[in-house]
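Text of protein-v6.pdb (PDB, C-alpha atoms) as supplied:
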```
ATOM      1  CA  GLY A   3      -6.775   4.616  -6.244  1.00  0.00           C
ATOM      2  CA  VAL A   4      -3.202   4.500  -5.024  1.00  0.00           C
ATOM      3  CA  ALA A   5      -1.892   3.169  -8.326  1.00  0.00           C
ATOM      4  CA  THR A   6      -3.210   6.185 -10.245  1.00  0.00           C
ATOM      5  CA  GLN A   7      -1.968   8.751  -7.706  1.00  0.00           C
ATOM      6  CA  ASP A   8       1.614   7.537  -7.290  1.00  0.00           C
ATOM      7  CA  PRO A   9       3.690   8.651 -10.317  1.00  0.00           C
ATOM      8  CA  GLU A  10       5.996   5.619  -9.983  1.00  0.00           C
ATOM      9  CA  LEU A  11       3.067   3.195 -10.057  1.00  0.00           C
ATOM     10  CA  ARG A  12       1.438   5.159 -12.865  1.00  0.00           C
ATOM     11  CA  LYS A  13       4.491   4.530 -15.091  1.00  0.00           C
ATOM     12  CA  LYS A  14       3.793   0.794 -14.860  1.00  0.00           C
ATOM     13  CA  PHE A  15       0.367   1.222 -16.471  1.00  0.00           C
ATOM     14  CA  THR A  16       0.908   1.061 -20.210  1.00  0.00           C
ATOM     15  CA  GLY A  17      -2.749   1.178 -21.211  1.00  0.00           C
ATOM     16  CA  GLN A  18      -4.843   4.131 -22.233  1.00  0.00           C
ATOM     17  CA  PRO A  19      -7.942   5.395 -20.386  1.00  0.00           C
ATOM     18  CA  GLU A  20      -9.997   4.467 -23.460  1.00  0.00           C
ATOM     19  CA  HIS A  21      -9.061   0.809 -22.933  1.00  0.00           C
ATOM     20  CA  LEU A  22     -10.642   0.843 -19.487  1.00  0.00           C
ATOM     21  CA  ILE A  23     -13.711   2.664 -20.802  1.00  0.00           C
ATOM     22  CA  ASN A  24     -14.144   0.048 -23.556  1.00  0.00           C
ATOM     23  CA  TYR A  25     -13.710  -2.771 -21.031  1.00  0.00           C
ATOM     24  CA  LEU A  26     -16.390  -1.316 -18.748  1.00  0.00           C
ATOM     25  CA  PHE A  27     -18.772  -0.925 -21.702  1.00  0.00           C
ATOM     26  CA  MET A  28     -18.234  -4.625 -22.508  1.00  0.00           C
ATOM     27  CA  VAL A  29     -18.900  -5.586 -18.862  1.00  0.00           C
ATOM     28  CA  ALA A  30     -22.104  -3.523 -18.932  1.00  0.00           C
ATOM     29  CA  GLU A  31     -23.222  -5.255 -22.129  1.00  0.00           C
ATOM     30  CA  ASP A  32     -22.572  -8.688 -20.593  1.00  0.00           C
ATOM     31  CA  VAL A  33     -24.526  -7.699 -17.477  1.00  0.00           C
ATOM     32  CA  ARG A  34     -27.453  -6.529 -19.618  1.00  0.00           C
ATOM     33  CA  GLU A  35     -27.493  -9.870 -21.462  1.00  0.00           C
ATOM     34  CA  ILE A  36     -27.386 -11.896 -18.230  1.00  0.00           C
ATOM     35  CA  MET A  37     -30.127  -9.780 -16.673  1.00  0.00           C
ATOM     36  CA  ALA A  38     -32.279 -10.173 -19.787  1.00  0.00           C
ATOM     37  CA  SER A  39     -31.836 -13.957 -19.659  1.00  0.00           C
ATOM     38  CA  LEU A  40     -33.108 -13.820 -16.061  1.00  0.00           C
ATOM     39  CA  GLY A  41     -36.063 -11.660 -17.070  1.00  0.00           C
ATOM     40  CA  CYS A  42     -34.812  -8.540 -15.264  1.00  0.00           C
ATOM     41  CA  ARG A  43     -34.588  -5.048 -16.714  1.00  0.00           C
ATOM     42  CA  GLN A  44     -33.289  -3.189 -13.635  1.00  0.00           C
ATOM     43  CA  PHE A  45     -30.832  -4.036 -10.851  1.00  0.00           C
ATOM     44  CA  THR A  46     -33.554  -3.442  -8.273  1.00  0.00           C
ATOM     45  CA  GLU A  47     -35.369  -6.497  -9.676  1.00  0.00           C
ATOM     46  CA  LEU A  48     -32.367  -8.626  -8.646  1.00  0.00           C
ATOM     47  CA  ILE A  49     -32.187  -7.487  -5.035  1.00  0.00           C
ATOM     48  CA  GLY A  50     -33.066 -10.308  -2.654  1.00  0.00           C
ATOM     49  CA  ARG A  51     -33.517 -12.817  -5.509  1.00  0.00           C
ATOM     50  CA  THR A  52     -31.475 -15.656  -4.049  1.00  0.00           C
ATOM     51  CA  ASP A  53     -33.688 -18.014  -6.057  1.00  0.00           C
ATOM     52  CA  LEU A  54     -31.548 -17.010  -9.048  1.00  0.00           C
ATOM     53  CA  LEU A  55     -28.351 -18.250  -7.372  1.00  0.00           C
ATOM     54  CA  ARG A  56     -26.998 -21.792  -7.394  1.00  0.00           C
ATOM     55  CA  PRO A  57     -23.839 -23.085  -5.676  1.00  0.00           C
ATOM     56  CA  SER A  58     -21.303 -24.315  -8.198  1.00  0.00           C
ATOM     57  CA  ALA A  59     -21.288 -28.096  -8.599  1.00  0.00           C
ATOM     58  CA  ARG A  60     -17.475 -27.956  -8.516  1.00  0.00           C
ATOM     59  CA  LEU A  61     -17.647 -27.174  -4.787  1.00  0.00           C
ATOM     60  CA  LYS A  62     -18.508 -30.818  -4.093  1.00  0.00           C
ATOM     61  CA  ASP A  63     -15.308 -31.923  -5.861  1.00  0.00           C
ATOM     62  CA  HIS A  64     -12.885 -30.356  -3.385  1.00  0.00           C
ATOM     63  CA  TRP A  65     -12.361 -31.674   0.152  1.00  0.00           C
ATOM     64  CA  LYS A  66     -12.326 -28.162   1.671  1.00  0.00           C
ATOM     65  CA  THR A  67     -15.690 -27.169   0.208  1.00  0.00           C
ATOM     66  CA  ALA A  68     -17.475 -30.520  -0.160  1.00  0.00           C
ATOM     67  CA  ASP A  69     -19.347 -30.197   3.164  1.00  0.00           C
ATOM     68  CA  LEU A  70     -20.366 -26.545   2.873  1.00  0.00           C
ATOM     69  CA  ASP A  71     -24.095 -25.964   3.241  1.00  0.00           C
ATOM     70  CA  PHE A  72     -25.399 -22.774   1.619  1.00  0.00           C
ATOM     71  CA  THR A  73     -29.065 -23.342   2.478  1.00  0.00           C
ATOM     72  CA  ASP A  74     -29.343 -20.520   5.017  1.00  0.00           C
ATOM     73  CA  LEU A  75     -27.212 -18.163   2.939  1.00  0.00           C
ATOM     74  CA  LEU A  76     -29.411 -18.669  -0.122  1.00  0.00           C
ATOM     75  CA  LYS A  77     -32.700 -18.378   1.749  1.00  0.00           C
ATOM     76  CA  PRO A  78     -34.954 -15.781   0.040  1.00  0.00           C
ATOM     77  CA  ALA A  79     -34.554 -12.427   1.788  1.00  0.00           C
ATOM     78  CA  TRP A  80     -38.306 -11.858   2.116  1.00  0.00           C
ATOM     79  CA  THR A  81     -38.561 -14.965   4.324  1.00  0.00           C
ATOM     80  CA  LEU A  82     -36.178 -13.582   6.945  1.00  0.00           C
ATOM     81  CA  GLN A  83     -37.744 -12.348  10.189  1.00  0.00           C
ATOM     82  CA  SER A  84     -35.837  -9.027  10.221  1.00  0.00           C
ATOM     83  CA  VAL A  85     -37.359  -7.771   6.955  1.00  0.00           C
ATOM     84  CA  THR A  86     -40.875  -9.143   7.310  1.00  0.00           C
ATOM     85  CA  THR A  87     -42.697  -5.930   8.108  1.00  0.00           C
ATOM     86  CA  GLY A  88     -45.480  -6.383   5.608  1.00  0.00           C
ATOM     87  CA  LYS A  89     -46.310  -7.911   2.275  1.00  0.00           C
ATOM     88  CA  ASP A  90     -45.236  -4.870   0.312  1.00  0.00           C
ATOM     89  CA  SER A  91     -42.027  -4.134   2.223  1.00  0.00           C
ATOM     90  CA  SER A  92     -39.187  -3.098  -0.074  1.00  0.00           C
ATOM     91  CA  MET A  93     -35.963  -5.017  -0.488  1.00  0.00           C
ATOM     92  CA  PHE A  94     -33.942  -1.862  -1.196  1.00  0.00           C
ATOM     93  CA  CYS A  95     -33.823   1.766  -0.157  1.00  0.00           C
ATOM     94  CA  CYS A  96     -36.674   3.644  -1.820  1.00  0.00           C
ATOM     95  CA  MET A  97     -36.928   6.638   0.516  1.00  0.00           C
ATOM     96  CA  PRO A  98     -34.165   9.206   0.950  1.00  0.00           C
ATOM     97  CA  GLN A  99     -32.675   9.451   4.418  1.00  0.00           C
ATOM     98  CA  ASP A 100     -31.949  12.687   6.208  1.00  0.00           C
ATOM     99  CA  HIS A 101     -28.509  12.344   7.777  1.00  0.00           C
ATOM    100  CA  GLU A 102     -28.862  15.879   9.189  1.00  0.00           C
ATOM    101  CA  LEU A 103     -25.630  17.009   7.529  1.00  0.00           C
ATOM    102  CA  ALA A 104     -26.879  20.585   7.757  1.00  0.00           C
ATOM    103  CA  HIS A 105     -26.390  20.405  11.533  1.00  0.00           C
ATOM    104  CA  VAL A 106     -23.000  18.683  11.845  1.00  0.00           C
ATOM    105  CA  LEU A 107     -20.039  20.319  13.600  1.00  0.00           C
ATOM    106  CA  ASP A 108     -18.212  20.714  10.295  1.00  0.00           C
ATOM    107  CA  ARG A 109     -20.703  23.401   9.208  1.00  0.00           C
ATOM    108  CA  GLN A 110     -19.507  25.570  12.129  1.00  0.00           C
ATOM    109  CA  LEU A 111     -15.891  24.751  11.287  1.00  0.00           C
ATOM    110  CA  ILE A 112     -16.402  25.896   7.699  1.00  0.00           C
ATOM    111  CA  LEU A 113     -17.666  29.251   8.989  1.00  0.00           C
ATOM    112  CA  LYS A 114     -14.660  29.571  11.334  1.00  0.00           C
ATOM    113  CA  ALA A 115     -12.280  28.602   8.523  1.00  0.00           C
ATOM    114  CA  ALA A 116     -13.838  31.025   6.012  1.00  0.00           C
ATOM    115  CA  PRO A 117     -10.786  33.364   5.904  1.00  0.00           C
ATOM    116  CA  ALA A 118      -8.533  30.386   5.109  1.00  0.00           C
ATOM    117  CA  LEU A 119     -10.928  29.052   2.490  1.00  0.00           C
ATOM    118  CA  GLU A 120     -11.426  32.417   0.805  1.00  0.00           C
ATOM    119  CA  SER A 121      -7.914  33.889   0.894  1.00  0.00           C
ATOM    120  CA  GLY A 122      -5.564  31.391   2.526  1.00  0.00           C
ATOM    121  CA  SER A 123      -5.306  33.442   5.747  1.00  0.00           C
ATOM    122  CA  LYS A 124      -4.273  31.632   8.912  1.00  0.00           C
ATOM    123  CA  VAL A 125      -7.124  30.696  11.246  1.00  0.00           C
ATOM    124  CA  VAL A 126      -6.760  29.543  14.852  1.00  0.00           C
ATOM    125  CA  ALA A 127      -9.692  28.632  17.061  1.00  0.00           C
ATOM    126  CA  LYS A 128      -9.524  27.244  20.591  1.00  0.00           C
ATOM    127  CA  ASP A 129     -11.915  25.498  22.963  1.00  0.00           C
ATOM    128  CA  ILE A 130     -14.276  24.269  20.265  1.00  0.00           C
ATOM    129  CA  PRO A 131     -16.752  21.982  22.073  1.00  0.00           C
ATOM    130  CA  ILE A 132     -17.004  18.478  20.675  1.00  0.00           C
ATOM    131  CA  LYS A 133     -19.187  15.489  21.625  1.00  0.00           C
ATOM    132  CA  ASN A 134     -18.930  11.822  20.780  1.00  0.00           C
ATOM    133  CA  VAL A 135     -21.881  12.154  18.385  1.00  0.00           C
ATOM    134  CA  ASP A 136     -19.720  14.407  16.186  1.00  0.00           C
ATOM    135  CA  ARG A 137     -18.452  11.880  13.648  1.00  0.00           C
ATOM    136  CA  SER A 138     -15.782  12.317  10.966  1.00  0.00           C
ATOM    137  CA  VAL A 139     -15.086  15.859  12.154  1.00  0.00           C
ATOM    138  CA  GLY A 140     -13.047  17.650   9.517  1.00  0.00           C
ATOM    139  CA  GLY A 141     -14.301  15.615   6.570  1.00  0.00           C
ATOM    140  CA  ILE A 142     -16.681  18.194   5.096  1.00  0.00           C
ATOM    141  CA  LEU A 143     -14.217  21.024   5.796  1.00  0.00           C
ATOM    142  CA  SER A 144     -11.512  19.005   4.015  1.00  0.00           C
ATOM    143  CA  PHE A 145     -13.832  18.618   1.045  1.00  0.00           C
ATOM    144  CA  GLU A 146     -14.179  22.410   0.896  1.00  0.00           C
ATOM    145  CA  VAL A 147     -10.391  22.816   1.046  1.00  0.00           C
ATOM    146  CA  THR A 148      -9.748  20.323  -1.763  1.00  0.00           C
ATOM    147  CA  ARG A 149     -12.609  21.703  -3.846  1.00  0.00           C
ATOM    148  CA  ARG A 150     -10.974  25.129  -3.769  1.00  0.00           C
ATOM    149  CA  TYR A 151      -7.258  24.294  -3.570  1.00  0.00           C
ATOM    150  CA  GLY A 152      -7.004  20.813  -5.046  1.00  0.00           C
ATOM    151  CA  SER A 153      -5.148  17.887  -3.510  1.00  0.00           C
ATOM    152  CA  ALA A 154      -2.248  20.157  -2.454  1.00  0.00           C
ATOM    153  CA  GLY A 155      -4.567  21.763   0.075  1.00  0.00           C
ATOM    154  CA  LEU A 156      -3.482  24.767   2.117  1.00  0.00           C
ATOM    155  CA  PRO A 157       0.025  25.665   3.355  1.00  0.00           C
ATOM    156  CA  ASP A 158       0.992  23.854   6.570  1.00  0.00           C
ATOM    157  CA  GLY A 159      -0.810  25.135   9.661  1.00  0.00           C
ATOM    158  CA  THR A 160      -3.225  27.445   7.857  1.00  0.00           C
ATOM    159  CA  VAL A 161      -6.167  26.075   9.853  1.00  0.00           C
ATOM    160  CA  HIS A 162      -5.478  25.144  13.485  1.00  0.00           C
ATOM    161  CA  PHE A 163      -8.453  24.064  15.566  1.00  0.00           C
ATOM    162  CA  LYS A 164      -8.295  22.987  19.211  1.00  0.00           C
ATOM    163  CA  PHE A 165     -11.242  20.958  20.472  1.00  0.00           C
ATOM    164  CA  LYS A 166     -12.382  20.210  24.011  1.00  0.00           C
ATOM    165  CA  GLY A 167     -14.562  17.275  24.938  1.00  0.00           C
ATOM    166  CA  TYR A 168     -15.105  13.786  23.627  1.00  0.00           C
ATOM    167  CA  SER A 169     -14.582  13.103  19.960  1.00  0.00           C
ATOM    168  CA  GLY A 170     -16.618  10.633  17.997  1.00  0.00           C
ATOM    169  CA  GLN A 171     -15.639   8.135  15.360  1.00  0.00           C
ATOM    170  CA  SER A 172     -12.997   9.140  12.768  1.00  0.00           C
ATOM    171  CA  PHE A 173     -12.010  12.435  14.392  1.00  0.00           C
ATOM    172  CA  ALA A 174      -9.756  14.314  11.918  1.00  0.00           C
ATOM    173  CA  ASN A 175      -9.432  11.141   9.879  1.00  0.00           C
ATOM    174  CA  PHE A 176      -9.801  12.776   6.473  1.00  0.00           C
ATOM    175  CA  LEU A 177      -8.010  16.109   6.923  1.00  0.00           C
ATOM    176  CA  ALA A 178      -6.753  17.915   3.859  1.00  0.00           C
ATOM    177  CA  PRO A 179      -3.190  19.242   3.898  1.00  0.00           C
ATOM    178  CA  GLY A 180      -2.740  22.479   5.833  1.00  0.00           C
ATOM    179  CA  MET A 181      -5.057  21.677   8.742  1.00  0.00           C
ATOM    180  CA  ILE A 182      -4.174  20.792  12.334  1.00  0.00           C
ATOM    181  CA  PHE A 183      -6.784  19.442  14.733  1.00  0.00           C
ATOM    182  CA  GLU A 184      -5.973  18.982  18.422  1.00  0.00           C
ATOM    183  CA  LEU A 185      -8.190  17.382  21.029  1.00  0.00           C
ATOM    184  CA  GLU A 186      -8.168  17.923  24.758  1.00  0.00           C
ATOM    185  CA  GLY A 187     -10.311  15.134  26.116  1.00  0.00           C
ATOM    186  CA  ASP A 188     -11.118  11.591  25.091  1.00  0.00           C
ATOM    187  CA  ALA A 189     -11.107  10.034  21.661  1.00  0.00           C
TER     188      ALA A 189
END
```

When written as structure tokens, how does the structure in this file appear?
Amino acid sequence: GVATQDPELRKKFTGQPEHLINYLFMVAEDVREIMASLGCRQFTELIGRTDLLRPSARLKDHWKTADLDFTDLLKPAWTLQSVTTGKDSSMFCCMPQDHELAHVLDRQLILKAAPALESGSKVVAKDIPIKNVDRSVGGILSFEVTRRYGSAGLPDGTVHFKFKGYSGQSFANFLAPGMIFELEGDA
């Protein structure tokens, strides 16, 4: 995160990466032991198992938490109306979803930005139609930029796209350096 990217904050971390790796291995071992004591071999066996949870008795000792009632929160998930679609309904995702990423606006933007991606040439495109169903426009293109050029991205203004229409959620929210997105319309 931020602490590992900022050189000043990084100086404050005196540990070694191996220390974190060892810690995570110990956490994993503890989790395996707890799961085994519950009779579970996989995380999917824990999903929806509120019967394995108990409110801490210490909650009754404090005036702020003494009257909290967790009954509805700890109700077994399979008893809830919203998930009762059949006896064998799953409590977790077991089918892949098609988010239709092959058809998002960014795929067209990658084609338009090809000269910039391949050789760093400046690219300007105007009047690119955009609709409010186009979400996170620029995110996949930014991935391509950082995959090829790293976190430094492209030189300022290498890719300059002007959109017309109504942008959706997170328009240009994740742009890599070197890209300018303008919108004529509503956001």

What separates CA of Ala127 (chain A) and CA of Lys164 (chain A) is a distance of 6.2 Å

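Coordinates place CA of Ala178 (chain A) at a distance of 16.4 Å from CA of Arg137 (chain A).
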
I need the output of the PyMOL selection byres ((chain A and resi 184) around 7) for this file as a PDB file with C-alpha atoms, keeping the file's coordinate frame; which residues are they?
```pdb
ATOM      1  CA  PHE A 163      -8.453  24.064  15.566  1.00  0.00           C
ATOM      2  CA  LYS A 164      -8.295  22.987  19.211  1.00  0.00           C
ATOM      3  CA  PHE A 165     -11.242  20.958  20.472  1.00  0.00           C
ATOM      4  CA  ILE A 182      -4.174  20.792  12.334  1.00  0.00           C
ATOM      5  CA  PHE A 183      -6.784  19.442  14.733  1.00  0.00           C
ATOM      6  CA  LEU A 185      -8.190  17.382  21.029  1.00  0.00           C
ATOM      7  CA  GLU A 186      -8.168  17.923  24.758  1.00  0.00           C
TER       8      GLU A 186
END
```

Scan for residues within 8 Å of the point (-36.4, -11.3, -13.8) in the coordinates of the file, using all atoms listed in the file, and reply as a ChimeraX atom specification.
/A:37-43,47-48

Using the chain letters and numbers from the file, give me the residues hit by the PyMOL selection byres ((chain A and resi 93-105) around 8), as a ChimeraX atom specification.
/A:46,49-50,79-80,91-92,106-107,109

Missing atoms in region 59-79 of chain A need filling: write out N, CA, C and O atoms for it as a PDB file, keeping the file's coordinate frame.
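Writing the result to rebuild.pdb gives the following:
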```
ATOM      1  N   ALA A  59     -21.417 -26.649  -8.808  1.00  0.00           N
ATOM      2  CA  ALA A  59     -21.288 -28.096  -8.599  1.00  0.00           C
ATOM      3  C   ALA A  59     -19.844 -28.477  -8.295  1.00  0.00           C
ATOM      4  O   ALA A  59     -19.580 -29.475  -7.620  1.00  0.00           O
ATOM      5  N   ARG A  60     -18.896 -27.679  -8.758  1.00  0.00           N
ATOM      6  CA  ARG A  60     -17.475 -27.956  -8.516  1.00  0.00           C
ATOM      7  C   ARG A  60     -17.118 -27.914  -7.038  1.00  0.00           C
ATOM      8  O   ARG A  60     -16.109 -28.471  -6.630  1.00  0.00           O
ATOM      9  N   LEU A  61     -17.934 -27.243  -6.217  1.00  0.00           N
ATOM     10  CA  LEU A  61     -17.647 -27.174  -4.787  1.00  0.00           C
ATOM     11  C   LEU A  61     -17.633 -28.559  -4.148  1.00  0.00           C
ATOM     12  O   LEU A  61     -16.903 -28.802  -3.189  1.00  0.00           O
ATOM     13  N   LYS A  62     -18.432 -29.463  -4.651  1.00  0.00           N
ATOM     14  CA  LYS A  62     -18.508 -30.818  -4.093  1.00  0.00           C
ATOM     15  C   LYS A  62     -17.270 -31.640  -4.445  1.00  0.00           C
ATOM     16  O   LYS A  62     -17.007 -32.672  -3.839  1.00  0.00           O
ATOM     17  N   ASP A  63     -16.484 -31.177  -5.416  1.00  0.00           N
ATOM     18  CA  ASP A  63     -15.308 -31.923  -5.861  1.00  0.00           C
ATOM     19  C   ASP A  63     -14.068 -31.679  -5.012  1.00  0.00           C
ATOM     20  O   ASP A  63     -13.088 -32.400  -5.150  1.00  0.00           O
ATOM     21  N   HIS A  64     -14.079 -30.672  -4.174  1.00  0.00           N
ATOM     22  CA  HIS A  64     -12.885 -30.356  -3.385  1.00  0.00           C
ATOM     23  C   HIS A  64     -13.148 -30.657  -1.917  1.00  0.00           C
ATOM     24  O   HIS A  64     -14.217 -30.343  -1.378  1.00  0.00           O
ATOM     25  N   TRP A  65     -12.177 -31.257  -1.239  1.00  0.00           N
ATOM     26  CA  TRP A  65     -12.361 -31.674   0.152  1.00  0.00           C
ATOM     27  C   TRP A  65     -12.627 -30.513   1.094  1.00  0.00           C
ATOM     28  O   TRP A  65     -13.295 -30.674   2.101  1.00  0.00           O
ATOM     29  N   LYS A  66     -12.114 -29.303   0.779  1.00  0.00           N
ATOM     30  CA  LYS A  66     -12.326 -28.162   1.671  1.00  0.00           C
ATOM     31  C   LYS A  66     -13.748 -27.606   1.565  1.00  0.00           C
ATOM     32  O   LYS A  66     -14.256 -27.000   2.497  1.00  0.00           O
ATOM     33  N   THR A  67     -14.371 -27.771   0.426  1.00  0.00           N
ATOM     34  CA  THR A  67     -15.690 -27.169   0.208  1.00  0.00           C
ATOM     35  C   THR A  67     -16.814 -28.188   0.073  1.00  0.00           C
ATOM     36  O   THR A  67     -17.978 -27.812  -0.031  1.00  0.00           O
ATOM     37  N   ALA A  68     -16.477 -29.468   0.084  1.00  0.00           N
ATOM     38  CA  ALA A  68     -17.475 -30.520  -0.160  1.00  0.00           C
ATOM     39  C   ALA A  68     -18.605 -30.511   0.863  1.00  0.00           C
ATOM     40  O   ALA A  68     -19.750 -30.826   0.527  1.00  0.00           O
ATOM     41  N   ASP A  69     -18.325 -30.144   2.114  1.00  0.00           N
ATOM     42  CA  ASP A  69     -19.347 -30.197   3.164  1.00  0.00           C
ATOM     43  C   ASP A  69     -20.005 -28.849   3.450  1.00  0.00           C
ATOM     44  O   ASP A  69     -20.745 -28.730   4.428  1.00  0.00           O
ATOM     45  N   LEU A  70     -19.738 -27.851   2.646  1.00  0.00           N
ATOM     46  CA  LEU A  70     -20.366 -26.545   2.873  1.00  0.00           C
ATOM     47  C   LEU A  70     -21.855 -26.604   2.550  1.00  0.00           C
ATOM     48  O   LEU A  70     -22.265 -27.158   1.534  1.00  0.00           O
ATOM     49  N   ASP A  71     -22.646 -25.997   3.424  1.00  0.00           N
ATOM     50  CA  ASP A  71     -24.095 -25.964   3.241  1.00  0.00           C
ATOM     51  C   ASP A  71     -24.525 -24.499   3.085  1.00  0.00           C
ATOM     52  O   ASP A  71     -24.398 -23.704   4.004  1.00  0.00           O
ATOM     53  N   PHE A  72     -25.020 -24.155   1.918  1.00  0.00           N
ATOM     54  CA  PHE A  72     -25.399 -22.774   1.619  1.00  0.00           C
ATOM     55  C   PHE A  72     -26.898 -22.523   1.787  1.00  0.00           C
ATOM     56  O   PHE A  72     -27.386 -21.468   1.391  1.00  0.00           O
ATOM     57  N   THR A  73     -27.605 -23.438   2.367  1.00  0.00           N
ATOM     58  CA  THR A  73     -29.065 -23.342   2.478  1.00  0.00           C
ATOM     59  C   THR A  73     -29.499 -22.037   3.141  1.00  0.00           C
ATOM     60  O   THR A  73     -30.345 -21.312   2.603  1.00  0.00           O
ATOM     61  N   ASP A  74     -28.939 -21.745   4.316  1.00  0.00           N
ATOM     62  CA  ASP A  74     -29.343 -20.520   5.017  1.00  0.00           C
ATOM     63  C   ASP A  74     -28.883 -19.266   4.292  1.00  0.00           C
ATOM     64  O   ASP A  74     -29.571 -18.240   4.301  1.00  0.00           O
ATOM     65  N   LEU A  75     -27.733 -19.322   3.661  1.00  0.00           N
ATOM     66  CA  LEU A  75     -27.212 -18.163   2.939  1.00  0.00           C
ATOM     67  C   LEU A  75     -28.068 -17.844   1.714  1.00  0.00           C
ATOM     68  O   LEU A  75     -28.243 -16.681   1.358  1.00  0.00           O
ATOM     69  N   LEU A  76     -28.616 -18.870   1.095  1.00  0.00           N
ATOM     70  CA  LEU A  76     -29.411 -18.669  -0.122  1.00  0.00           C
ATOM     71  C   LEU A  76     -30.915 -18.653   0.137  1.00  0.00           C
ATOM     72  O   LEU A  76     -31.711 -18.741  -0.787  1.00  0.00           O
ATOM     73  N   LYS A  77     -31.286 -18.485   1.388  1.00  0.00           N
ATOM     74  CA  LYS A  77     -32.700 -18.378   1.749  1.00  0.00           C
ATOM     75  C   LYS A  77     -33.236 -17.047   1.192  1.00  0.00           C
ATOM     76  O   LYS A  77     -32.587 -16.022   1.312  1.00  0.00           O
ATOM     77  N   PRO A  78     -34.414 -17.033   0.569  1.00  0.00           N
ATOM     78  CA  PRO A  78     -34.954 -15.781   0.040  1.00  0.00           C
ATOM     79  C   PRO A  78     -35.061 -14.705   1.124  1.00  0.00           C
ATOM     80  O   PRO A  78     -35.531 -14.977   2.234  1.00  0.00           O
ATOM     81  N   ALA A  79     -34.616 -13.514   0.813  1.00  0.00           N
ATOM     82  CA  ALA A  79     -34.554 -12.427   1.788  1.00  0.00           C
ATOM     83  C   ALA A  79     -35.924 -12.103   2.379  1.00  0.00           C
ATOM     84  O   ALA A  79     -36.018 -11.760   3.556  1.00  0.00           O
TER      85      ALA A  79
END
```
